[in-house]
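A.B. asks: The structure that follows is given in the form of structure tokens.
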Amino acid sequence: MSLKQFIQELRERKEIAKSGGGEKAMQKQKAMGKLTARQRITSILDTDSFQEYDMFVEHAARDFDMEKKTLHGDGVIIGTGTIYGAPICIYAQDFTVAGGSLGLMHSRKICKIMDHALKMRVPLIGINDSGGARIQEGVNSLAGYGEIFFRNTMASGVIPQISVILGPCAGGAVYSPALTDFVFVVDNISKMFITGPSVIKTVLGEDYTMEEVGGAKVHCEISGNAHFYAESEKECFDQIKKLISYIPRNNQIRSKTIEPKNPTLKKKIESIVPGDPKLPYDMRELICSVADNSEFFEVMEHFAANIIIGFGRMKGETVGFVANQPMVLAGVLDCDSSDKAARFIRFCDSFQIPLITLEDMPGYLPGIDQEHMGVIRHGAKVLYSYCEATVPKITVIIRKAYGGGYIAMNSRHMRADFVFAWPTAEIAVMGPEGAANIVFKKEIESAVDPEAMRQSKIQEYKEKFANPYVAAAKGYVDEVIEPSETRSRLLHALEVSRDKVAYRPEKKHGIPPF
Amino acid sequence: MKNEELETFRVYIAEYKTKLTNKFRTRKKWTPPNKNHVLAVIPGTILDVLVKEKQKVAEGETILILEAMKMANRITMPFNGVISKIHVEKGDIVPKNHIMIELK
């Protein structure tokens with residue numbers, strides 16, 4: 001046989017392997033509005049950068065006549081490539097091959113690329129499109145999931161891990177995405193749940209659609225399991241690429257720096273925020289007024305919108321923004337917003353991304369439902385993650401900073417490196433109305449006109465305490481600044497914190513209030 | 001931004017103008033539990049009802065069996081009392097927090 005013939009045979013074998021579940025299955029995938037696994041990988045990665053491995057892997061099922069079946073690549077594609085020239089490890093489950101079901105070899109392929117990602121310190125992207133465990137392979141299939149979860153956990157905080165849900169992701173399979181840093185979903189395509197509609201129907205006799213139980217909107221708005229929502233796979237891939245551009249390759253290096261650009265927002269920063277602390281404004285505008293090129297890449301936009309998290313750049317370098325949103329629920333902290341902020345803070349801290357906190361919050365959301373849901377332990381997560389974070393941490397208090405919320409939102413006491421306050425800041429144990437009622441209870445009750453007395457006492461308290469100067473007098477606030485100085489102050493603070501060193505006691509790991 | 005979209009939202013004593021989230025708007029109002037109601041703590045199927053209405057039952061006795069998660073759970077009488085009303089029968093599928101039996 002000539003060398004040419006050998007090469008010819010290899011090419012034929014590759015062609016067959018690439019056919020996945022066959023033409024019919026591919027058409028079916030397309031009819032569902034979904035791209036094929038290979039198309040997905042090549043759409044995310046730089047053109048022609050994808051290198052595939054383990055194309056000839058065969059499945060290990062030996063029961064129920066499975067040994068007679070061929071499952072090309074065992075239903076998953078793994079490989080490496082680049083995004084904007086930076087290396088990436090990637091895998092994509094191929095729904096056309098046995099429904100993308102996870103068997104022993106399928107999981108070994110995923111584990112192989114995960115091991116590569118961790119060893120080479122490059123980000124991992126996993127595209128999930130699978131019917132679940134391959135039942136014919138029994139416990140081997142469960143073992144496969146377990147091995148993946150272990151690797152997800154080991155890689156956590158070392159390399160960024162991204163999960164993309166582009167099809168069903170059900171039962172135990174959901175826990176790999178849940179262990180990763182960012183989960184991307186697409187409307188009408190992503191379906192994620194522990195127990196699907198059929199199980200709910202059997203157990204409860206209740207009818208729900210897959211969308212209602214675990215569609216993209218559910219996970220973006222209600223459950224908080226997903227971080228990015230897209231209308232189409234293309235939009236989703238653009239979001240992934242954008243995210244990759246903001247975050248570093250691993251925890252040992254910093255994010256790529258790009259050319260610095262001044263904010264482009266025309267609106268003056270002073271005109272964004274109303275002087276009356278009871279009137280709302282869109283905090284995102286404020287972020288855009290300080291960030292490079294007025295660009296802000298929001299994370300979890302639709303979940304717990306009373307807090308805003310996301311990435312921007314300052315002088316070309318990535319920073320993480322955490323900001324209360326007075327426009328939604330007055331910007332209160334509650335269970336969901338605490339979870340949302342805490343996890344983001346830990347991500348930024350793990351990956352050397354400085355944190356900028358913009359504060360305008362009236363406190364924790366009052367209510368028996370919040371108390372019963374555990375706002376104490378959820379709220380504690382924010383404190384914990386700010387306290388343990390050693391990246392540069394800068395806070396700007398815009399208006400309200402009341403009570404426990406003042407402490408939690410990266411105050412001096414949580415070891416903020418710089419705390420600035422606008423002259424509009426109100427740093428106090430509670431709002432003037434509440435405080436006056438307690439402090440001047442007797443005076444108000446015994447007054448001839450209690451309401452007039454109340455109003456005058458509110459005013460008195462306001463003048464005394466609802467300002468930034470009491471905190472500044474104690475050095476809790478480093479400087480009261482004019483709004484227009486905000487960006488330049490932040491830029492300088494970041495610059496002088498570049499080589500920050502902060503020590504924490506040696507330990508195996510802390511015990512955050514999960 | 002139009003002020004019409006905003007709602008008044010009270011945090012402690014102060015009232016703020018803000019938007020509400022759907023999740024907040026649709027949250028369930030909490031009501032104190034009624035100790036005379038025997039609720040399904042887990043969704044499942046009624047395997048057997050062991051008591052009748054008006055029957056006197058002592059604390060700790062099994063009053064019905066609720067199968068859930070492949071387990072036959074014995075539901076016991078929480079205190080010495082009388083069965084005032086039975087809302088389920090054998091074979092019924094009940095959701096979580098369904099009132100199965102009322103006591104006196």
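Ordering of the structure tokens sets the chain letters (A, B, ...), residue numbers begin anew at 1 in every chain, and ligands are numbered from 1 in the order given.
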Select all residues from chain A having any atom no more than 7 Å from an atom of chain B (counting only C-alpha atoms, ignoring ligands), output as a PyMOL selection string.
C.D. replies: chain A and resi 203-205+222+278-280+326-330+365-366+369+433-434
A.B. asks: Neighbours of A:Met453 within 6 Å (only C-alpha atoms; same-chain residues fewer than 3 positions away dropped), as a PyMOL selection string?
C.D. replies: chain A and resi 444+450+456
A.B. asks: Near B:Val88, within 12 Å and counting only C-alpha atoms, which residues show up once chain neighbours fewer than 6 positions away are dropped, as a list of chain:residue names?
C.D. replies: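 Listing them by chain and then by number gives B:Val38, B:Leu39, B:Ala40, B:Gly44, B:Thr45, B:Ile46, B:Leu47, B:Asp48, B:Val49, B:Leu50, B:Val51, B:Lys52, B:Glu53, B:Ile63, B:Leu64, B:Ile65, B:Leu66, B:Val94, B:Pro95, B:His98, B:Ile99, B:Met100, B:Ile101, B:Glu102.
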A.B. asks: Of the candidates B:Thr26, B:Asn97, B:Asn36, B:Ile42, which one gets nearest to B:Phe79 if we count only C-alpha atoms?
C.D. replies: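 Checking each candidate against B:Phe79, we get B:Asn36 as the closest.
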A.B. asks: Using only C-alpha atoms for the distances, tell me which of A:Thr82, A:Asp115, A:Glu460, A:Gly75 is nearest to A:Ser101.
C.D. replies: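 Comparing A:Thr82, A:Asp115, A:Glu460, A:Gly75 against A:Ser101, the winner is A:Gly75.
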A.B. asks: Which distance in Å separates atom CA of B:Asn80 and atom CA of B:Pro33, to one decimal?
C.D. replies: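 Result for atom CA of B:Asn80 versus atom CA of B:Pro33: 18.4 Å, one decimal.
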A.B. asks: Work out how far atom CA of A:Ile240 is from atom CA of A:Phe184, in Å to one decimal.
C.D. replies: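 Going from atom CA of A:Phe184 over to atom CA of A:Ile240, I get 7.9 Å.
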A.B. asks: Do you know which residues are at most 12 Å from A:Phe150 counting only C-alpha atoms, after dropping those on the same chain fewer than 2 positions away, and could you put them as a PyMOL selection string?
C.D. replies: chain A and resi 111+114-115+143-148+152-156+175-176+179-180
